[in-house]
Amino acid sequence: MPTSSDEKVRIGEATFPKPFTNGLEFNAPVHGTWNIVHIGFRIPSAHQIYICADNCLRGVVMTAAEMGELGRFSSVVLEEDDMTHSGRIEETTIEGVTDCLNKLPSVPPVVIIFPVCVHKFMGCDIDFIYRELGKRFPDVTFVRGFMDPVMQKRGTTPDQRLRKAMSDIIPNLPVNPDVISFAGSDMPAADNDFQTILEFNNKTVRDTANCKTLDEYLSIGESSLFICQYPAGLMATQTITKRLNRKFIYAPLSFGFDTIESELKSSGLNIPEGFIENGIKSCETEVKKLKDLIGDTTVAIDYTVAPKPLSLARFLLDNGINVKTVYLDAIDGSEEEDFKYLAEKYPELVLHSTIHVSDRRPVRSEGKILAAGQKAAWFEGTEYFVNMIEGGGLYGFAGITGFISLMEDAFVNEKDLRDIVPRKGLGCRSCI
Amino acid sequence: MKKTYRILPVYTGDVSGAASALYELGGMTVIHDPSGCNSTYNTHDEVRWFDQESLIYISGLNDIDAITGNDDKFIKDICYAADKMKPLFIALANSPLPYLNGTDFKGICKVLEEKTGLPCFYVNTNAMHDYSKGQSEAFLSFAKKMLKPSDKKVKNGVNIIGMTPLDYTSTDIYISDGHEIVSNWALNTSFENVMKATQAELNIAVSSSGVAACEYMKDTFGIPYVKGLPWDGKVQDYMGVKRNSSRNYIVGETVVSGSIAAYIKQHTGIDFNVIASTEITDGLLQHCDKRCHGEEEIEEALKDAETIIADPMVKYIVPATATFIELPHFAMSGRLFRKQIPNLLRTEEYLHGIK
């Protein structure tokens, strides 16, 4: 089946994993998801330096400004002369970073450097830059970021590579069997079965998304097991566990009971008696309550709310919830089974692109709509929405019941869509 | 080092400026870029998304298309979008990678005109300049491509040129002496409105980004122009009010700052010198004023300041002894102080403290 050139397609007629043809792109005014600036600030005490042209720089510097974090942010502007003189881009980058660091009240222990597409396009000698900076600032640990959106459609995204670069500075410490870490996510674990089980097993839990000090962040290197719950963090988790010779579990928020059971058991940890059975029962009870509350209200889901939006759609549809639309532009490989299931059982479910040119004029229906995610809320024009991104740190049966509670709350309590969705980086401080 | 910024944000870039200038004019603006320029514009440099639609897109350029210069895909995608969305014209904006590989935008415009039957023009941006340059290029390119001479003239009709939300929050202009506003380029306006521009007898460049289009309309349609915000209900050129050197400074966009300085001089006799921190300054500064590019130069220029009028972000780089009067500017501090941005067209309301 060919990809759809329209903005939407019935799932029964959609192609996997790319339902839509690439074309010009629209950008909805919805900004709750995190960008590389938000992610970089997850390393406590780290300073970020971007080296790029005005227009791109503006986006990242204002992200930091809106977070109230300009004190941990510097920039170097690239101009035409940096691109027309041989060797100038390396010189501007090195001297610019040096100048930025020398202007700070004290040199930070960790500095994340972000060259851009232009550096790559010009064949800039990045290794030379880091060697020279290493000589000038021997006490600084440099994290090799990259802001090169030109690469994001093929291979790894800047976001994935940044997470990897951030994990590269975690040292190989002696293994502590009592320490287990969540890694690679932006959202700290919350309503998360792994957390409950880790506590049951008397483990010390660390979380790359929730470190208060640099020492705490670096001490993640003693973890005996890593739990990754966000797709963009998987490459970082795979890399660090390979380097440190540790185990990892990849378990993003899923709404399939079998998947959850299998992932929890794969940890090798003791699971409390009746934990699985009670968890399933509790999910079934709660979703019935949700159905009683919302009846046949139309539900729309978007890909920013959880890493597995099709798993969510499947769970809700199987429990009688009237899911009409899932907003996404591509489908993660891990959702193939859910895709096939939905295509077969609910072929009328609509997949709707979020970047298609027609999306500039969204057609909004009448009546109350319950949305899961900011983008779904904007496209549907509803103020009844679950304001969550990236799975919100939820996982397992507790995660599912937690999510259902959020849907119930969203159905009852309106939110200020215009105020909420333009704010960047949900969960971060916002000064606007 | 001139290229480094410790605390100040860079101004809104030229690509955002171009998109902002064309936002309300009914066309389709396509930024040939992977995504950085568009998300910056969308998030930080545009306030109209929720109330007014505009066909602003990116090409979604990837590395292979950039390296191989795959213009066919770009053209095909634009044709599809134009057919689907029915814009009145197409404007193309450049970004760093197509700039580096020398993409022939003018050639692409010709192809697009043939294929779509729509007027198509190139806005010369590359993401390495500030918004004033991008707006200026957009207004000028639009004027060159779209405007036609008019037999009809509106007596005392004026065009307001160079107005976008990056500098202005309101179009509430009061001009006495029987003047009638013919068109506004381009805030609270429309395609039909700006196309009436050649019926006017006078242009007013209310920002530096309006000057190039005014020059063009003067040369091509014989419409004279003045520079500056009208104040006290009068159309006047701010350059006509002579100012002397002082240690009072106003930092910001050239024409807006010059106009405010002129207003203060005329009403209080106090001299303020303009520190023009945006790019277009030719013929727009007096001998006592200065063009400053970047944080370091602004900091240096303000070292001896007694009084400073500037965006609140500038406070971080000025002497603690200086009296600081906040004048938030959307193109600098973006959404941070948006609610405090005054209506520049009501000078008397926000400058009552100057004595």
# chains A, B, ... in the order shown; residues from 1 in each chain; ligands from 1
call {"tool": "closest_atom_pairs", "arguments": {"of": "chain A", "to": "chain B", "cutoff": "6 Å", "atoms": "only C-alpha atoms", "output": "Markdown table"}}
result
| residue | atom | partner | partner_atom | distance |
| --- | --- | --- | --- | --- |
| A:Gly23 | CA | B:Asp77 | CA | 5.2 |
| A:Leu24 | CA | B:Ser59 | CA | 4.7 |
| A:Glu25 | CA | B:Ile58 | CA | 5.2 |
| A:Phe26 | CA | B:Tyr57 | CA | 5.1 |
| A:Ala53 | CA | B:Met128 | CA | 5.0 |
| A:Asp54 | CA | B:Met128 | CA | 5.1 |
| A:Asn55 | CA | B:Gly13 | CA | 4.1 |
| A:Cys56 | CA | B:Gly36 | CA | 5.4 |
| A:Arg58 | CA | B:Val10 | CA | 5.8 |
| A:Gly59 | CA | B:Thr40 | CA | 4.4 |
| A:Val61 | CA | B:Pro9 | CA | 5.9 |
| A:Ser74 | CA | B:Arg6 | CA | 5.0 |
| A:Ser75 | CA | B:Tyr5 | CA | 5.1 |
| A:Val76 | CA | B:Thr4 | CA | 4.4 |
| A:Val77 | CA | B:Lys3 | CA | 5.1 |
| A:Glu79 | CA | B:Met128 | CA | 5.7 |
| A:Gly96 | CA | B:Thr4 | CA | 5.9 |
| A:Pro149 | CA | B:Pro34 | CA | 5.8 |
| A:Val150 | CA | B:Asn62 | CA | 4.7 |
| A:Met151 | CA | B:Asp63 | CA | 5.8 |
| A:Ile432 | CA | B:Leu336 | CA | 4.9 |
call {"tool": "write_last_selection", "arguments": {"atoms": "C-alpha atoms", "output": "mmCIF file, in the first residue's frame"}}
result
data_model
loop_
_atom_site.group_PDB
_atom_site.id
_atom_site.type_symbol
_atom_site.label_atom_id
_atom_site.label_comp_id
_atom_site.auth_asym_id
_atom_site.auth_seq_id
_atom_site.Cartn_x
_atom_site.Cartn_y
_atom_site.Cartn_z
ATOM 1 C CA GLY A 23 6.287 16.923 2.018
ATOM 2 C CA LEU A 24 6.362 20.481 3.240
ATOM 3 C CA GLU A 25 5.872 20.553 6.966
ATOM 4 C CA PHE A 26 3.588 22.466 9.237
ATOM 5 C CA ALA A 53 23.537 31.089 13.074
ATOM 6 C CA ASP A 54 21.169 33.702 14.497
ATOM 7 C CA ASN A 55 17.862 32.216 13.553
ATOM 8 C CA CYS A 56 18.536 28.764 15.015
ATOM 9 C CA ARG A 58 17.330 32.291 18.904
ATOM 10 C CA GLY A 59 15.281 29.143 19.526
ATOM 11 C CA VAL A 61 18.680 30.756 23.798
ATOM 12 C CA SER A 74 26.207 30.859 26.356
ATOM 13 C CA SER A 75 26.283 31.237 22.635
ATOM 14 C CA VAL A 76 28.594 31.893 19.735
ATOM 15 C CA VAL A 77 27.125 33.319 16.545
ATOM 16 C CA GLU A 79 28.301 34.464 10.350
ATOM 17 C CA GLY A 96 34.113 31.496 20.986
ATOM 18 C CA PRO A 149 18.123 18.757 12.612
ATOM 19 C CA VAL A 150 19.125 18.070 8.998
ATOM 20 C CA MET A 151 20.019 14.577 10.230
ATOM 21 C CA ILE A 432 6.476 33.325 30.433
#
call {"tool": "residues_around", "arguments": {"residues": "Ile180 of chain A", "least_positions_apart": "4", "cutoff": "7 Å", "atoms": "only C-alpha atoms", "output": "ChimeraX atom specification"}}
result
/A:203-206,223-226
call {"tool": "write_last_selection", "arguments": {"atoms": "N, CA and C atoms", "output": "compact mmCIF listing (two decimals), in the first residue's frame"}}
result
# COMPACT_ATOMS: atom_id res chain seq x y z
N LYS A 203 16.18 -1.96 46.97
CA LYS A 203 17.20 -1.39 46.10
C LYS A 203 17.25 0.14 46.27
N THR A 204 18.42 0.67 46.06
CA THR A 204 18.55 2.13 45.99
C THR A 204 18.28 2.54 44.55
N VAL A 205 17.36 3.47 44.37
CA VAL A 205 16.95 3.85 43.02
C VAL A 205 17.57 5.20 42.65
N ARG A 206 18.19 5.26 41.49
CA ARG A 206 18.66 6.55 40.96
C ARG A 206 17.96 6.78 39.62
N SER A 223 25.56 1.60 39.05
CA SER A 223 24.30 0.84 38.96
C SER A 223 24.53 -0.57 38.41
N SER A 224 23.79 -1.50 38.95
CA SER A 224 23.92 -2.89 38.47
C SER A 224 22.93 -3.15 37.32
N LEU A 225 21.88 -2.36 37.26
CA LEU A 225 20.86 -2.55 36.22
C LEU A 225 20.34 -1.17 35.80
N PHE A 226 20.11 -1.02 34.49
CA PHE A 226 19.55 0.23 33.98
C PHE A 226 18.16 -0.06 33.41
call {"tool": "atom_distance", "arguments": {"atom1": "atom CA of Arg136 of chain A", "atom2": "atom CA of Ser45 of chain A"}}
result
19.6 Å
call {"tool": "closest_residue", "arguments": {"among": "A:Phe339, A:Tyr217, A:Phe403, A:Tyr327", "to": "Leu310 of chain A", "atoms": "only C-alpha atoms"}}
result
A:Phe339
call {"tool": "closest_residue", "arguments": {"among": "A:Thr325, A:Ala398, A:Thr297, A:Asp215", "to": "Lys281 of chain A", "atoms": "only C-alpha atoms"}}
result
A:Ala398
call {"tool": "residues_around", "arguments": {"residues": "segment 196-205 of chain B", "least_positions_apart": "5", "cutoff": "10 Å", "atoms": "only C-alpha atoms", "output": "PDB file with C-alpha atoms, in the first residue's frame"}}
result
ATOM      1  CA  ALA B 143       6.520  45.178  -3.365  1.00  0.00           C
ATOM      2  CA  LEU B 147       2.583  46.104  -6.671  1.00  0.00           C
ATOM      3  CA  LYS B 148       1.150  47.751  -9.741  1.00  0.00           C
ATOM      4  CA  PRO B 149       0.763  51.493 -10.442  1.00  0.00           C
ATOM      5  CA  SER B 150      -2.612  52.957  -9.592  1.00  0.00           C
ATOM      6  CA  ASP B 151      -4.505  55.720 -11.405  1.00  0.00           C
ATOM      7  CA  LYS B 152      -6.566  56.324  -8.330  1.00  0.00           C
ATOM      8  CA  LYS B 153      -4.997  58.371  -5.531  1.00  0.00           C
ATOM      9  CA  VAL B 154      -6.277  58.787  -1.998  1.00  0.00           C
ATOM     10  CA  LYS B 155      -5.857  62.409  -0.970  1.00  0.00           C
ATOM     11  CA  ASN B 156      -3.523  62.590   2.047  1.00  0.00           C
ATOM     12  CA  GLY B 157      -3.436  58.809   1.961  1.00  0.00           C
ATOM     13  CA  VAL B 158      -0.529  57.202   3.796  1.00  0.00           C
ATOM     14  CA  ASN B 159       0.910  53.700   3.985  1.00  0.00           C
ATOM     15  CA  ILE B 160       2.405  52.420   7.198  1.00  0.00           C
ATOM     16  CA  ILE B 161       5.439  50.360   6.176  1.00  0.00           C
ATOM     17  CA  GLY B 162       7.474  48.034   8.377  1.00  0.00           C
ATOM     18  CA  MET B 163       5.077  47.082  11.141  1.00  0.00           C
ATOM     19  CA  HIS B 179      -4.487  61.913   6.688  1.00  0.00           C
ATOM     20  CA  GLU B 180      -6.072  58.626   5.812  1.00  0.00           C
ATOM     21  CA  ILE B 181      -4.312  55.308   6.244  1.00  0.00           C
ATOM     22  CA  VAL B 182      -4.445  53.427   2.966  1.00  0.00           C
ATOM     23  CA  SER B 183      -2.534  50.303   3.897  1.00  0.00           C
ATOM     24  CA  ASN B 184      -0.525  48.743   6.667  1.00  0.00           C
ATOM     25  CA  TRP B 185       2.562  46.617   5.932  1.00  0.00           C
ATOM     26  CA  PHE B 191      -3.566  41.091   0.845  1.00  0.00           C
ATOM     27  CA  GLY B 210      10.219  49.444   6.002  1.00  0.00           C
ATOM     28  CA  VAL B 211      12.817  51.761   4.498  1.00  0.00           C
ATOM     29  CA  ALA B 212      13.867  49.634   1.508  1.00  0.00           C
ATOM     30  CA  ALA B 213      10.255  49.143   0.389  1.00  0.00           C
ATOM     31  CA  CYS B 214       9.658  52.882   0.829  1.00  0.00           C
ATOM     32  CA  GLU B 215      12.714  53.648  -1.312  1.00  0.00           C
ATOM     33  CA  MET B 217       7.965  52.832  -3.964  1.00  0.00           C
ATOM     34  CA  LYS B 218       9.514  56.282  -4.164  1.00  0.00           C
ATOM     35  CA  THR B 220       8.963  53.272  -8.925  1.00  0.00           C
ATOM     36  CA  PHE B 221       5.664  54.943  -8.060  1.00  0.00           C
ATOM     37  CA  GLY B 222       6.838  58.388  -6.988  1.00  0.00           C
ATOM     38  CA  ILE B 223       5.547  58.025  -3.435  1.00  0.00           C
ATOM     39  CA  PRO B 224       7.704  60.026  -1.012  1.00  0.00           C
ATOM     40  CA  TYR B 225       8.312  58.796   2.501  1.00  0.00           C
ATOM     41  CA  VAL B 226       9.227  59.847   6.008  1.00  0.00           C
ATOM     42  CA  LYS B 227      10.842  57.762   8.716  1.00  0.00           C
ATOM     43  CA  GLY B 228       9.559  57.356  12.223  1.00  0.00           C
ATOM     44  CA  LEU B 229       6.541  56.887  14.413  1.00  0.00           C
ATOM     45  CA  PRO B 230       3.933  59.591  14.106  1.00  0.00           C
ATOM     46  CA  VAL B 235       3.517  62.846  10.456  1.00  0.00           C
ATOM     47  CA  GLN B 236       7.161  63.796  10.869  1.00  0.00           C
ATOM     48  CA  ASP B 237      10.608  62.453  10.163  1.00  0.00           C
ATOM     49  CA  VAL B 255      13.778  53.777  13.691  1.00  0.00           C
ATOM     50  CA  VAL B 256      11.732  53.051  16.803  1.00  0.00           C
TER      51      VAL B 256
END
call {"tool": "select_by_dssp", "arguments": {"residues": "segment 111-256 of chain A", "states": "alpha helix (DSSP H)", "output": "MDAnalysis selection string"}}
result
chainID A and resid 117:121 126:136 158:168 193:200 214:218 234:244
call {"tool": "closest_residue", "arguments": {"among": "A:Ala300, A:Ile170, A:Leu316, A:Ala306", "to": "Gly221 of chain A", "atoms": "only C-alpha atoms"}}
result
A:Ile170
call {"tool": "select_by_dssp", "arguments": {"residues": "segment 178-208 of chain B", "states": "strand (DSSP E)", "output": "ChimeraX atom specification"}}
result
/B:180-185,202-205
call {"tool": "residues_around", "arguments": {"residues": "Ser181 of chain A", "least_positions_apart": "4", "cutoff": "12 Å", "atoms": "only C-alpha atoms", "output": "JSON list (two decimals) with N, CA and C atoms, in the first residue's frame"}}
result
[["chain", "number", "residue", "atom", "x", "y", "z"],
["A", 176, "ASN", "N", 27.55, -1.77, 42.17],
["A", 176, "ASN", "CA", 26.86, -1.90, 43.45],
["A", 176, "ASN", "C", 25.55, -2.64, 43.17],
["A", 177, "PRO", "N", 25.45, -3.89, 43.60],
["A", 177, "PRO", "CA", 24.26, -4.67, 43.26],
["A", 177, "PRO", "C", 22.96, -4.08, 43.83],
["A", 185, "SER", "N", 15.33, 8.88, 30.23],
["A", 185, "SER", "CA", 14.05, 9.57, 30.13],
["A", 185, "SER", "C", 14.21, 11.03, 30.58],
["A", 188, "PRO", "N", 10.97, 11.97, 35.47],
["A", 188, "PRO", "CA", 11.30, 11.06, 36.57],
["A", 188, "PRO", "C", 10.21, 10.01, 36.75],
["A", 189, "ALA", "N", 10.62, 8.83, 37.20],
["A", 189, "ALA", "CA", 9.65, 7.76, 37.40],
["A", 189, "ALA", "C", 8.58, 8.18, 38.41],
["A", 194, "PHE", "N", 8.00, -0.51, 38.39],
["A", 194, "PHE", "CA", 9.40, -0.83, 38.66],
["A", 194, "PHE", "C", 9.85, -0.22, 39.98],
["A", 195, "GLN", "N", 9.39, 1.00, 40.22],
["A", 195, "GLN", "CA", 9.79, 1.66, 41.45],
["A", 195, "GLN", "C", 9.30, 0.87, 42.67],
["A", 198, "LEU", "N", 11.34, -2.24, 42.99],
["A", 198, "LEU", "CA", 12.70, -1.95, 43.47],
["A", 198, "LEU", "C", 12.69, -1.69, 44.97],
["A", 203, "LYS", "N", 16.18, -1.96, 46.97],
["A", 203, "LYS", "CA", 17.20, -1.39, 46.10],
["A", 203, "LYS", "C", 17.25, 0.14, 46.27],
["A", 204, "THR", "N", 18.42, 0.67, 46.06],
["A", 204, "THR", "CA", 18.55, 2.13, 45.99],
["A", 204, "THR", "C", 18.28, 2.54, 44.55],
["A", 205, "VAL", "N", 17.36, 3.47, 44.37],
["A", 205, "VAL", "CA", 16.95, 3.85, 43.02],
["A", 205, "VAL", "C", 17.57, 5.20, 42.65],
["A", 206, "ARG", "N", 18.19, 5.26, 41.49],
["A", 206, "ARG", "CA", 18.66, 6.55, 40.96],
["A", 206, "ARG", "C", 17.96, 6.78, 39.62],
["A", 207, "ASP", "N", 18.00, 8.03, 39.19],
["A", 207, "ASP", "CA", 17.25, 8.37, 37.98],
["A", 207, "ASP", "C", 17.99, 9.51, 37.28],
["A", 208, "THR", "N", 18.41, 9.29, 36.05],
["A", 208, "THR", "CA", 19.12, 10.37, 35.34],
["A", 208, "THR", "C", 18.24, 11.60, 35.18],
["A", 209, "ALA", "N", 16.95, 11.41, 35.28],
["A", 209, "ALA", "CA", 16.02, 12.54, 35.11],
["A", 209, "ALA", "C", 15.79, 13.29, 36.41],
["A", 210, "ASN", "N", 16.44, 12.86, 37.47],
["A", 210, "ASN", "CA", 16.11, 13.45, 38.76],
["A", 210, "ASN", "C", 17.32, 13.60, 39.67],
["A", 211, "CYS", "N", 18.48, 13.91, 39.11],
["A", 211, "CYS", "CA", 19.68, 14.07, 39.94],
["A", 211, "CYS", "C", 19.79, 15.51, 40.40],
["A", 216, "GLU", "N", 25.81, 12.98, 42.19],
["A", 216, "GLU", "CA", 24.73, 11.99, 42.14],
["A", 216, "GLU", "C", 24.58, 11.47, 40.71],
["A", 217, "TYR", "N", 24.67, 12.39, 39.76],
["A", 217, "TYR", "CA", 24.55, 11.98, 38.35],
["A", 217, "TYR", "C", 25.67, 11.01, 37.99],
["A", 218, "LEU", "N", 26.88, 11.34, 38.39],
["A", 218, "LEU", "CA", 28.02, 10.49, 38.03],
["A", 218, "LEU", "C", 27.99, 9.14, 38.76],
["A", 219, "SER", "N", 27.37, 9.14, 39.95],
["A", 219, "SER", "CA", 27.32, 7.89, 40.73],
["A", 219, "SER", "C", 26.41, 6.85, 40.08],
["A", 220, "ILE", "N", 25.70, 7.25, 39.07],
["A", 220, "ILE", "CA", 24.88, 6.27, 38.33],
["A", 220, "ILE", "C", 25.78, 5.19, 37.73],
["A", 221, "GLY", "N", 27.06, 5.52, 37.62],
["A", 221, "GLY", "CA", 28.03, 4.54, 37.10],
["A", 221, "GLY", "C", 28.19, 3.31, 37.96],
["A", 222, "GLU", "N", 27.64, 3.29, 39.17],
["A", 222, "GLU", "CA", 27.75, 2.08, 39.99],
["A", 222, "GLU", "C", 26.51, 1.19, 39.87],
["A", 223, "SER", "N", 25.56, 1.60, 39.05],
["A", 223, "SER", "CA", 24.30, 0.84, 38.96],
["A", 223, "SER", "C", 24.53, -0.57, 38.41],
["A", 224, "SER", "N", 23.79, -1.50, 38.95],
["A", 224, "SER", "CA", 23.92, -2.89, 38.47],
["A", 224, "SER", "C", 22.93, -3.15, 37.32],
["A", 225, "LEU", "N", 21.88, -2.36, 37.26],
["A", 225, "LEU", "CA", 20.86, -2.55, 36.22],
["A", 225, "LEU", "C", 20.34, -1.17, 35.80],
["A", 226, "PHE", "N", 20.11, -1.02, 34.49],
["A", 226, "PHE", "CA", 19.55, 0.23, 33.98],
["A", 226, "PHE", "C", 18.16, -0.06, 33.41],
["A", 227, "ILE", "N", 17.24, 0.85, 33.71],
["A", 227, "ILE", "CA", 15.89, 0.69, 33.17],
["A", 227, "ILE", "C", 15.60, 1.91, 32.29],
["A", 228, "CYS", "N", 15.42, 1.65, 31.02],
["A", 228, "CYS", "CA", 15.13, 2.74, 30.08],
["A", 228, "CYS", "C", 13.66, 2.70, 29.70],
["A", 229, "GLN", "N", 12.99, 3.85, 29.81],
["A", 229, "GLN", "CA", 11.55, 3.87, 29.55],
["A", 229, "GLN", "C", 11.16, 4.87, 28.48],
["A", 237, "THR", "N", 21.24, 4.19, 26.60],
["A", 237, "THR", "CA", 21.24, 3.11, 27.59],
["A", 237, "THR", "C", 22.00, 1.90, 27.05],
["A", 240, "ILE", "N", 25.82, 2.84, 27.21],
["A", 240, "ILE", "CA", 26.46, 2.88, 28.54],
["A", 240, "ILE", "C", 26.51, 1.48, 29.16],
["A", 241, "THR", "N", 25.47, 0.70, 28.97],
["A", 241, "THR", "CA", 25.49, -0.63, 29.59],
["A", 241, "THR", "C", 26.51, -1.53, 28.90],
["A", 246, "ARG", "N", 26.97, -3.81, 31.98],
["A", 246, "ARG", "CA", 25.82, -3.98, 32.88],
["A", 246, "ARG", "C", 24.61, -4.41, 32.05],
["A", 247, "LYS", "N", 23.55, -4.77, 32.77],
["A", 247, "LYS", "CA", 22.32, -5.18, 32.08],
["A", 247, "LYS", "C", 21.36, -3.99, 31.96],
["A", 248, "PHE", "N", 20.47, -4.08, 31.00],
["A", 248, "PHE", "CA", 19.42, -3.06, 30.95],
["A", 248, "PHE", "C", 18.09, -3.70, 30.53],
["A", 249, "ILE", "N", 17.04, -3.00, 30.91],
["A", 249, "ILE", "CA", 15.68, -3.39, 30.49],
["A", 249, "ILE", "C", 15.12, -2.19, 29.72]]
call {"tool": "closest_residue", "arguments": {"among": "B:Ile250, B:His329, B:Tyr216, B:His267", "to": "Arg291 of chain B", "atoms": "only C-alpha atoms"}}
result
B:Ile250
call {"tool": "residues_around", "arguments": {"residues": "Gly279 of chain A", "least_positions_apart": "6", "cutoff": "9 Å", "atoms": "only C-alpha atoms", "output": "JSON, numbers by chain"}}
result
{"A": [257, 396, 397, 398, 401]}
call {"tool": "write_last_selection", "arguments": {"atoms": "N, CA, C and O atoms", "output": "PDB file, in the first residue's frame"}}
result
ATOM      1  N   PHE A 257      -1.130  -5.828  29.035  1.00  0.00           N
ATOM      2  CA  PHE A 257      -0.855  -6.518  30.302  1.00  0.00           C
ATOM      3  C   PHE A 257       0.262  -7.546  30.141  1.00  0.00           C
ATOM      4  O   PHE A 257       1.121  -7.701  31.017  1.00  0.00           O
ATOM      5  N   GLY A 396       3.634   0.415  33.913  1.00  0.00           N
ATOM      6  CA  GLY A 396       3.045  -0.785  34.519  1.00  0.00           C
ATOM      7  C   GLY A 396       1.579  -0.597  34.865  1.00  0.00           C
ATOM      8  O   GLY A 396       0.908   0.294  34.344  1.00  0.00           O
ATOM      9  N   PHE A 397       1.108  -1.436  35.762  1.00  0.00           N
ATOM     10  CA  PHE A 397      -0.311  -1.372  36.131  1.00  0.00           C
ATOM     11  C   PHE A 397      -0.603  -0.072  36.879  1.00  0.00           C
ATOM     12  O   PHE A 397      -1.651   0.548  36.678  1.00  0.00           O
ATOM     13  N   ALA A 398       0.346   0.329  37.704  1.00  0.00           N
ATOM     14  CA  ALA A 398       0.176   1.620  38.387  1.00  0.00           C
ATOM     15  C   ALA A 398       0.171   2.744  37.366  1.00  0.00           C
ATOM     16  O   ALA A 398      -0.555   3.736  37.512  1.00  0.00           O
ATOM     17  N   THR A 401      -3.313   2.763  35.640  1.00  0.00           N
ATOM     18  CA  THR A 401      -4.366   3.351  36.489  1.00  0.00           C
ATOM     19  C   THR A 401      -4.112   4.847  36.703  1.00  0.00           C
ATOM     20  O   THR A 401      -5.047   5.646  36.752  1.00  0.00           O
TER      21      THR A 401
END
call {"tool": "closest_residue", "arguments": {"among": "B:Asp83, B:Asp289, B:Glu299, B:Asp311", "to": "Glu326 of chain B", "atoms": "only C-alpha atoms"}}
result
B:Asp311
call {"tool": "atom_distance", "arguments": {"atom1": "atom CA of Pro19 of chain A", "atom2": "atom CA of Thr3 of chain A"}}
result
5.1 Å
call {"tool": "residues_around", "arguments": {"residues": "Asp6 of chain A", "least_positions_apart": "4", "cutoff": "10 Å", "atoms": "only C-alpha atoms", "output": "ChimeraX atom specification"}}
result
/A:19-21,352-353,356-358 /B:84
call {"tool": "write_last_selection", "arguments": {"atoms": "all heavy atoms", "output": "compact mmCIF listing (two decimals), in the first residue's frame"}}
result
# COMPACT_ATOMS: atom_id res chain seq x y z
N PRO A 19 3.00 6.07 7.68
CA PRO A 19 1.69 6.15 7.01
C PRO A 19 1.62 7.30 5.99
O PRO A 19 0.79 7.24 5.08
CB PRO A 19 0.71 6.41 8.16
CG PRO A 19 1.48 6.24 9.42
CD PRO A 19 2.91 6.43 9.10
N PHE A 20 2.46 8.33 6.16
CA PHE A 20 2.29 9.54 5.36
C PHE A 20 3.52 9.85 4.48
O PHE A 20 4.65 9.60 4.89
CB PHE A 20 2.01 10.75 6.27
CG PHE A 20 0.84 10.54 7.17
CD1 PHE A 20 1.02 10.27 8.52
CD2 PHE A 20 -0.46 10.57 6.67
CE1 PHE A 20 -0.05 10.05 9.37
CE2 PHE A 20 -1.55 10.35 7.50
CZ PHE A 20 -1.35 10.08 8.86
N THR A 21 3.23 10.41 3.33
CA THR A 21 4.29 10.83 2.42
C THR A 21 4.95 12.10 2.96
O THR A 21 4.27 12.99 3.46
CB THR A 21 3.69 11.15 1.03
OG1 THR A 21 2.90 10.04 0.63
CG2 THR A 21 4.78 11.42 0.00
N HIS A 352 -3.75 10.47 11.97
CA HIS A 352 -3.74 11.84 11.45
C HIS A 352 -2.34 12.42 11.63
O HIS A 352 -1.80 12.44 12.73
CB HIS A 352 -4.76 12.67 12.25
CG HIS A 352 -5.17 13.94 11.58
ND1 HIS A 352 -4.26 14.92 11.22
CD2 HIS A 352 -6.38 14.41 11.20
CE1 HIS A 352 -4.91 15.93 10.66
NE2 HIS A 352 -6.19 15.64 10.62
N SER A 353 -1.78 12.90 10.53
CA SER A 353 -0.45 13.52 10.60
C SER A 353 -0.50 14.82 11.41
O SER A 353 -1.54 15.50 11.43
CB SER A 353 0.03 13.82 9.18
OG SER A 353 1.14 14.68 9.21
N HIS A 356 1.34 17.73 8.30
CA HIS A 356 0.87 17.87 6.91
C HIS A 356 0.45 19.32 6.63
O HIS A 356 -0.05 20.01 7.52
CB HIS A 356 -0.32 16.93 6.69
CG HIS A 356 -0.73 16.79 5.27
ND1 HIS A 356 -1.58 17.68 4.65
CD2 HIS A 356 -0.40 15.88 4.33
CE1 HIS A 356 -1.76 17.31 3.40
NE2 HIS A 356 -1.05 16.22 3.17
N VAL A 357 0.64 19.77 5.38
CA VAL A 357 0.31 21.17 5.06
C VAL A 357 -1.14 21.52 5.39
O VAL A 357 -1.43 22.65 5.81
CB VAL A 357 0.61 21.50 3.57
CG1 VAL A 357 2.10 21.56 3.31
CG2 VAL A 357 -0.08 20.55 2.62
N SER A 358 -2.03 20.58 5.24
CA SER A 358 -3.46 20.86 5.53
C SER A 358 -3.72 21.11 7.00
O SER A 358 -4.77 21.66 7.37
CB SER A 358 -4.33 19.69 5.09
OG SER A 358 -4.19 19.46 3.72
N LYS B 84 -3.12 22.35 -2.92
CA LYS B 84 -3.99 21.98 -1.80
C LYS B 84 -4.50 23.21 -1.04
O LYS B 84 -5.66 23.27 -0.65
CB LYS B 84 -3.18 21.09 -0.85
CG LYS B 84 -3.95 20.41 0.22
CD LYS B 84 -4.07 18.93 -0.05
CE LYS B 84 -4.87 18.26 1.03
NZ LYS B 84 -5.46 17.00 0.57
call {"tool": "residues_around", "arguments": {"residues": "Ile271 of chain A", "least_positions_apart": "6", "cutoff": "9 Å", "atoms": "only C-alpha atoms", "output": "ChimeraX atom specification"}}
result
/A:197,200-201,264-265
